[in-house]
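Text of protein.txt, listed as compact mmCIF, C-alpha atoms:
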```txt
# COMPACT_ATOMS: atom_id res chain seq x y z
CA MET A 30 -19.48 24.51 -3.11
CA SER A 31 -20.34 24.78 0.58
CA GLU A 32 -18.07 23.95 3.50
CA PRO A 33 -18.52 20.43 4.93
CA THR A 34 -20.27 20.17 8.27
CA LYS A 35 -18.56 18.97 11.42
CA GLU A 36 -20.39 15.63 11.16
CA GLU A 37 -19.27 15.16 7.54
CA LEU A 38 -15.67 15.89 8.50
CA LEU A 39 -15.80 13.44 11.41
CA ALA A 40 -17.28 10.77 9.15
CA ARG A 41 -14.49 11.33 6.62
CA ILE A 42 -11.84 11.10 9.35
CA ALA A 43 -13.33 7.82 10.59
CA GLU A 44 -13.31 6.45 7.03
CA LEU A 45 -9.64 7.37 6.53
CA GLU A 46 -8.67 5.87 9.89
CA LYS A 47 -10.28 2.56 8.90
CA LYS A 48 -8.24 2.50 5.70
CA THR A 49 -5.06 3.26 7.64
CA GLU A 50 -5.74 0.46 10.13
CA ALA A 51 -6.18 -2.03 7.31
CA ARG A 52 -2.82 -1.06 5.84
CA LYS A 53 -1.09 -1.33 9.20
CA LYS A 54 -2.33 -4.90 9.66
CA GLY A 55 -0.40 -6.03 6.60
CA ALA A 56 -3.39 -6.14 4.28
CA LEU A 57 -2.49 -6.04 0.62
CA GLU A 58 -4.16 -3.47 -1.58
CA PHE A 59 -4.40 -3.48 -5.37
CA ARG A 60 -4.68 -0.38 -7.55
CA VAL A 61 -4.65 0.33 -11.26
CA GLY A 62 -2.25 3.15 -12.10
CA GLU A 63 -2.55 5.89 -14.68
CA LYS A 64 -0.45 3.95 -17.20
CA GLY A 65 -2.51 0.76 -16.82
CA GLY A 66 -0.25 -1.20 -14.51
CA VAL A 67 -1.50 -3.05 -11.44
CA SER A 68 0.25 -2.07 -8.21
CA VAL A 69 0.29 -4.13 -5.02
CA TYR A 70 0.68 -2.09 -1.86
CA GLY A 71 1.56 -3.55 1.52
CA LEU A 72 4.45 -5.85 0.64
CA GLY A 73 7.16 -3.37 1.50
CA ARG A 74 8.06 0.28 1.47
CA PHE A 75 7.25 0.70 -2.21
CA PRO A 76 4.48 -0.84 -4.31
CA VAL A 77 5.15 -3.63 -6.79
CA THR A 78 3.81 -2.63 -10.20
CA LEU A 79 3.49 -4.89 -13.23
CA TYR A 80 1.34 -4.86 -16.34
CA TYR A 81 -1.42 -7.41 -16.97
CA GLU A 82 0.70 -9.75 -19.09
CA GLN A 83 3.50 -9.68 -16.51
CA TRP A 84 1.12 -10.58 -13.66
CA VAL A 85 -0.29 -13.47 -15.70
CA ARG A 86 3.21 -14.79 -16.47
CA LEU A 87 4.19 -14.53 -12.81
CA LEU A 88 1.02 -16.24 -11.61
CA ASP A 89 1.50 -19.02 -14.18
CA MET A 90 4.91 -19.67 -12.58
CA ALA A 91 3.63 -19.63 -8.97
CA LYS A 92 4.34 -23.35 -8.39
CA ASP A 93 7.88 -23.03 -9.75
CA LEU A 94 8.50 -19.89 -7.70
CA ARG A 95 7.39 -21.61 -4.49
CA GLU A 96 9.68 -24.56 -5.21
CA PHE A 97 12.60 -22.22 -5.94
CA LEU A 98 12.01 -20.31 -2.71
CA GLU A 99 11.95 -23.51 -0.65
CA GLU A 100 15.10 -24.86 -2.32
CA ASN A 101 16.96 -21.62 -1.64
CA LYS A 102 15.46 -20.75 1.73
CA HIS A 103 18.81 -21.27 3.46
CA LYS A 104 20.33 -18.48 1.31
CA LEU A 105 17.50 -15.99 1.78
CA LYS A 106 17.20 -13.30 4.38
CA LEU A 107 14.09 -14.06 6.41
CA LYS A 108 12.21 -11.82 8.79
CA GLU A 109 12.52 -12.80 12.44
CA GLN A 110 9.19 -13.98 13.81
```

Before we go any further, please render this structure as structure tokens.
Amino acid sequence: MSEPTKEELLARIAELEKKTEARKKGALEFRVGEKGGVSVYGLGRFPVTLYYEQWVRLLDMAKDLREFLEENKHKLKLKEQ
């Protein structure tokens, strides 16, 4: 395998910088892990990983979760904006 050219290396650097910028802007990223779980990156320091059935159960409860969050907002720690 030959060494990459300067142009190829610069193109790769530009590609990686674009990915980094997207992450910095708070964009969420989804990945499938080796064990078959779906991980969400960008919510916090560590990814949130659940299996298919768990994501479906959570999504099915989205309305209830939103209601719960609103009812308990006064107890929750919120980020200063």

Which of A:Arg60, A:Arg95, A:His103, A:Lys48 sits closest to Leu79 of chain A [using only C-alpha atoms]: A:Arg60

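Interatomic distance, atom CA of Arg86 of chain A to atom CA of Lys102 of chain A: 22.7 Å.
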
For Gly71 of chain A, work out the shell of residues within 7 Å, counting all atoms listed in the file and skipping chain neighbours fewer than 3 positions away, then give it as an NGL selection string. :A and (52 or 55-58)

Give me, as a PyMOL selection string, all polymer residues having an atom no more than 12 Å from Gln83 of chain A, counting all atoms listed in the file and skipping those fewer than 6 positions away in the same chain. chain A and resi 66-68+77+89-90

Go ahead and dump the residues you just picked, C-alpha atoms, as a PDB file, in the coordinates of the input.
```
ATOM      1  CA  GLY A  66      -0.250  -1.200 -14.510  1.00  0.00           C
ATOM      2  CA  VAL A  67      -1.500  -3.050 -11.440  1.00  0.00           C
ATOM      3  CA  SER A  68       0.250  -2.070  -8.210  1.00  0.00           C
ATOM      4  CA  VAL A  77       5.150  -3.630  -6.790  1.00  0.00           C
ATOM      5  CA  ASP A  89       1.500 -19.020 -14.180  1.00  0.00           C
ATOM      6  CA  MET A  90       4.910 -19.670 -12.580  1.00  0.00           C
TER       7      MET A  90
END
```

Figure out the distance between atom CA of Glu109 of chain A and atom CA of Leu94 of chain A, please, to one decimal in Å. 21.7 Å

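Interatomic distance, atom CA of Arg41 of chain A against atom CA of Val61 of chain A: 23.2 Å.
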
Between A:Asn101, A:Phe59, A:Gly65, A:Ala43, which is the closest to Glu82 of chain A once you count only C-alpha atoms? A:Gly65

Hey, could you patch up segment 42-74 of chain A with N, CA and C atoms and hand it over as a PDB file, in the frame of the given file?
```
ATOM      1  N   ILE A  42     -12.993  11.486   8.526  1.00  0.00           N
ATOM      2  CA  ILE A  42     -11.840  11.100   9.350  1.00  0.00           C
ATOM      3  C   ILE A  42     -11.939   9.639   9.761  1.00  0.00           C
ATOM      4  N   ALA A  43     -13.121   9.221  10.188  1.00  0.00           N
ATOM      5  CA  ALA A  43     -13.330   7.820  10.590  1.00  0.00           C
ATOM      6  C   ALA A  43     -13.066   6.880   9.420  1.00  0.00           C
ATOM      7  N   GLU A  44     -13.518   7.258   8.238  1.00  0.00           N
ATOM      8  CA  GLU A  44     -13.310   6.450   7.030  1.00  0.00           C
ATOM      9  C   GLU A  44     -11.820   6.305   6.726  1.00  0.00           C
ATOM     10  N   LEU A  45     -11.082   7.407   6.802  1.00  0.00           N
ATOM     11  CA  LEU A  45      -9.640   7.370   6.530  1.00  0.00           C
ATOM     12  C   LEU A  45      -8.890   6.566   7.580  1.00  0.00           C
ATOM     13  N   GLU A  46      -9.316   6.648   8.834  1.00  0.00           N
ATOM     14  CA  GLU A  46      -8.670   5.870   9.890  1.00  0.00           C
ATOM     15  C   GLU A  46      -8.861   4.378   9.669  1.00  0.00           C
ATOM     16  N   LYS A  47     -10.039   3.976   9.187  1.00  0.00           N
ATOM     17  CA  LYS A  47     -10.280   2.560   8.900  1.00  0.00           C
ATOM     18  C   LYS A  47      -9.335   2.068   7.816  1.00  0.00           C
ATOM     19  N   LYS A  48      -9.150   2.882   6.776  1.00  0.00           N
ATOM     20  CA  LYS A  48      -8.240   2.500   5.700  1.00  0.00           C
ATOM     21  C   LYS A  48      -6.812   2.370   6.216  1.00  0.00           C
ATOM     22  N   THR A  49      -6.404   3.290   7.080  1.00  0.00           N
ATOM     23  CA  THR A  49      -5.060   3.260   7.640  1.00  0.00           C
ATOM     24  C   THR A  49      -4.856   2.027   8.496  1.00  0.00           C
ATOM     25  N   GLU A  50      -5.842   1.655   9.295  1.00  0.00           N
ATOM     26  CA  GLU A  50      -5.740   0.460  10.130  1.00  0.00           C
ATOM     27  C   GLU A  50      -5.557  -0.786   9.283  1.00  0.00           C
ATOM     28  N   ALA A  51      -6.293  -0.867   8.185  1.00  0.00           N
ATOM     29  CA  ALA A  51      -6.180  -2.030   7.310  1.00  0.00           C
ATOM     30  C   ALA A  51      -4.769  -2.150   6.745  1.00  0.00           C
ATOM     31  N   ARG A  52      -4.171  -1.040   6.374  1.00  0.00           N
ATOM     32  CA  ARG A  52      -2.820  -1.060   5.840  1.00  0.00           C
ATOM     33  C   ARG A  52      -1.810  -1.470   6.907  1.00  0.00           C
ATOM     34  N   LYS A  53      -2.013  -1.012   8.123  1.00  0.00           N
ATOM     35  CA  LYS A  53      -1.090  -1.330   9.200  1.00  0.00           C
ATOM     36  C   LYS A  53      -1.094  -2.815   9.522  1.00  0.00           C
ATOM     37  N   LYS A  54      -2.201  -3.490   9.319  1.00  0.00           N
ATOM     38  CA  LYS A  54      -2.330  -4.900   9.660  1.00  0.00           C
ATOM     39  C   LYS A  54      -1.711  -5.802   8.605  1.00  0.00           C
ATOM     40  N   GLY A  55      -1.049  -5.230   7.612  1.00  0.00           N
ATOM     41  CA  GLY A  55      -0.400  -6.030   6.600  1.00  0.00           C
ATOM     42  C   GLY A  55      -1.308  -6.438   5.456  1.00  0.00           C
ATOM     43  N   ALA A  56      -2.463  -5.815   5.374  1.00  0.00           N
ATOM     44  CA  ALA A  56      -3.390  -6.140   4.280  1.00  0.00           C
ATOM     45  C   ALA A  56      -2.805  -5.639   2.964  1.00  0.00           C
ATOM     46  N   LEU A  57      -2.943  -6.440   1.947  1.00  0.00           N
ATOM     47  CA  LEU A  57      -2.490  -6.040   0.620  1.00  0.00           C
ATOM     48  C   LEU A  57      -3.597  -5.272  -0.075  1.00  0.00           C
ATOM     49  N   GLU A  58      -3.189  -4.292  -0.858  1.00  0.00           N
ATOM     50  CA  GLU A  58      -4.160  -3.470  -1.580  1.00  0.00           C
ATOM     51  C   GLU A  58      -3.725  -3.395  -3.046  1.00  0.00           C
ATOM     52  N   PHE A  59      -4.677  -3.524  -3.936  1.00  0.00           N
ATOM     53  CA  PHE A  59      -4.400  -3.480  -5.370  1.00  0.00           C
ATOM     54  C   PHE A  59      -4.975  -2.195  -5.960  1.00  0.00           C
ATOM     55  N   ARG A  60      -4.214  -1.583  -6.860  1.00  0.00           N
ATOM     56  CA  ARG A  60      -4.680  -0.380  -7.550  1.00  0.00           C
ATOM     57  C   ARG A  60      -4.223  -0.420  -8.994  1.00  0.00           C
ATOM     58  N   VAL A  61      -5.036   0.179  -9.860  1.00  0.00           N
ATOM     59  CA  VAL A  61      -4.650   0.330 -11.260  1.00  0.00           C
ATOM     60  C   VAL A  61      -4.105   1.747 -11.413  1.00  0.00           C
ATOM     61  N   GLY A  62      -2.894   1.860 -11.921  1.00  0.00           N
ATOM     62  CA  GLY A  62      -2.250   3.150 -12.100  1.00  0.00           C
ATOM     63  C   GLY A  62      -2.668   3.847 -13.380  1.00  0.00           C
ATOM     64  N   GLU A  63      -2.215   5.070 -13.518  1.00  0.00           N
ATOM     65  CA  GLU A  63      -2.550   5.890 -14.680  1.00  0.00           C
ATOM     66  C   GLU A  63      -2.109   5.250 -15.992  1.00  0.00           C
ATOM     67  N   LYS A  64      -0.990   4.553 -15.976  1.00  0.00           N
ATOM     68  CA  LYS A  64      -0.450   3.950 -17.200  1.00  0.00           C
ATOM     69  C   LYS A  64      -0.984   2.543 -17.450  1.00  0.00           C
ATOM     70  N   GLY A  65      -1.895   2.057 -16.591  1.00  0.00           N
ATOM     71  CA  GLY A  65      -2.510   0.760 -16.820  1.00  0.00           C
ATOM     72  C   GLY A  65      -1.847  -0.407 -16.122  1.00  0.00           C
ATOM     73  N   GLY A  66      -0.892  -0.135 -15.270  1.00  0.00           N
ATOM     74  CA  GLY A  66      -0.250  -1.200 -14.510  1.00  0.00           C
ATOM     75  C   GLY A  66      -1.023  -1.482 -13.235  1.00  0.00           C
ATOM     76  N   VAL A  67      -0.855  -2.681 -12.699  1.00  0.00           N
ATOM     77  CA  VAL A  67      -1.500  -3.050 -11.440  1.00  0.00           C
ATOM     78  C   VAL A  67      -0.430  -3.010 -10.350  1.00  0.00           C
ATOM     79  N   SER A  68      -0.692  -2.216  -9.318  1.00  0.00           N
ATOM     80  CA  SER A  68       0.250  -2.070  -8.210  1.00  0.00           C
ATOM     81  C   SER A  68      -0.281  -2.791  -6.983  1.00  0.00           C
ATOM     82  N   VAL A  69       0.627  -3.474  -6.288  1.00  0.00           N
ATOM     83  CA  VAL A  69       0.290  -4.130  -5.020  1.00  0.00           C
ATOM     84  C   VAL A  69       0.978  -3.340  -3.922  1.00  0.00           C
ATOM     85  N   TYR A  70       0.175  -2.841  -2.999  1.00  0.00           N
ATOM     86  CA  TYR A  70       0.680  -2.090  -1.860  1.00  0.00           C
ATOM     87  C   TYR A  70       0.617  -2.985  -0.628  1.00  0.00           C
ATOM     88  N   GLY A  71       1.577  -2.816   0.261  1.00  0.00           N
ATOM     89  CA  GLY A  71       1.560  -3.550   1.520  1.00  0.00           C
ATOM     90  C   GLY A  71       2.623  -4.631   1.630  1.00  0.00           C
ATOM     91  N   LEU A  72       3.386  -4.850   0.578  1.00  0.00           N
ATOM     92  CA  LEU A  72       4.450  -5.850   0.640  1.00  0.00           C
ATOM     93  C   LEU A  72       5.721  -5.278   1.258  1.00  0.00           C
ATOM     94  N   GLY A  73       5.956  -4.028   1.013  1.00  0.00           N
ATOM     95  CA  GLY A  73       7.160  -3.370   1.500  1.00  0.00           C
ATOM     96  C   GLY A  73       6.986  -1.873   1.450  1.00  0.00           C
ATOM     97  N   ARG A  74       8.091  -1.182   1.455  1.00  0.00           N
ATOM     98  CA  ARG A  74       8.060   0.280   1.470  1.00  0.00           C
ATOM     99  C   ARG A  74       7.456   0.852   0.196  1.00  0.00           C
TER     100      ARG A  74
END
```
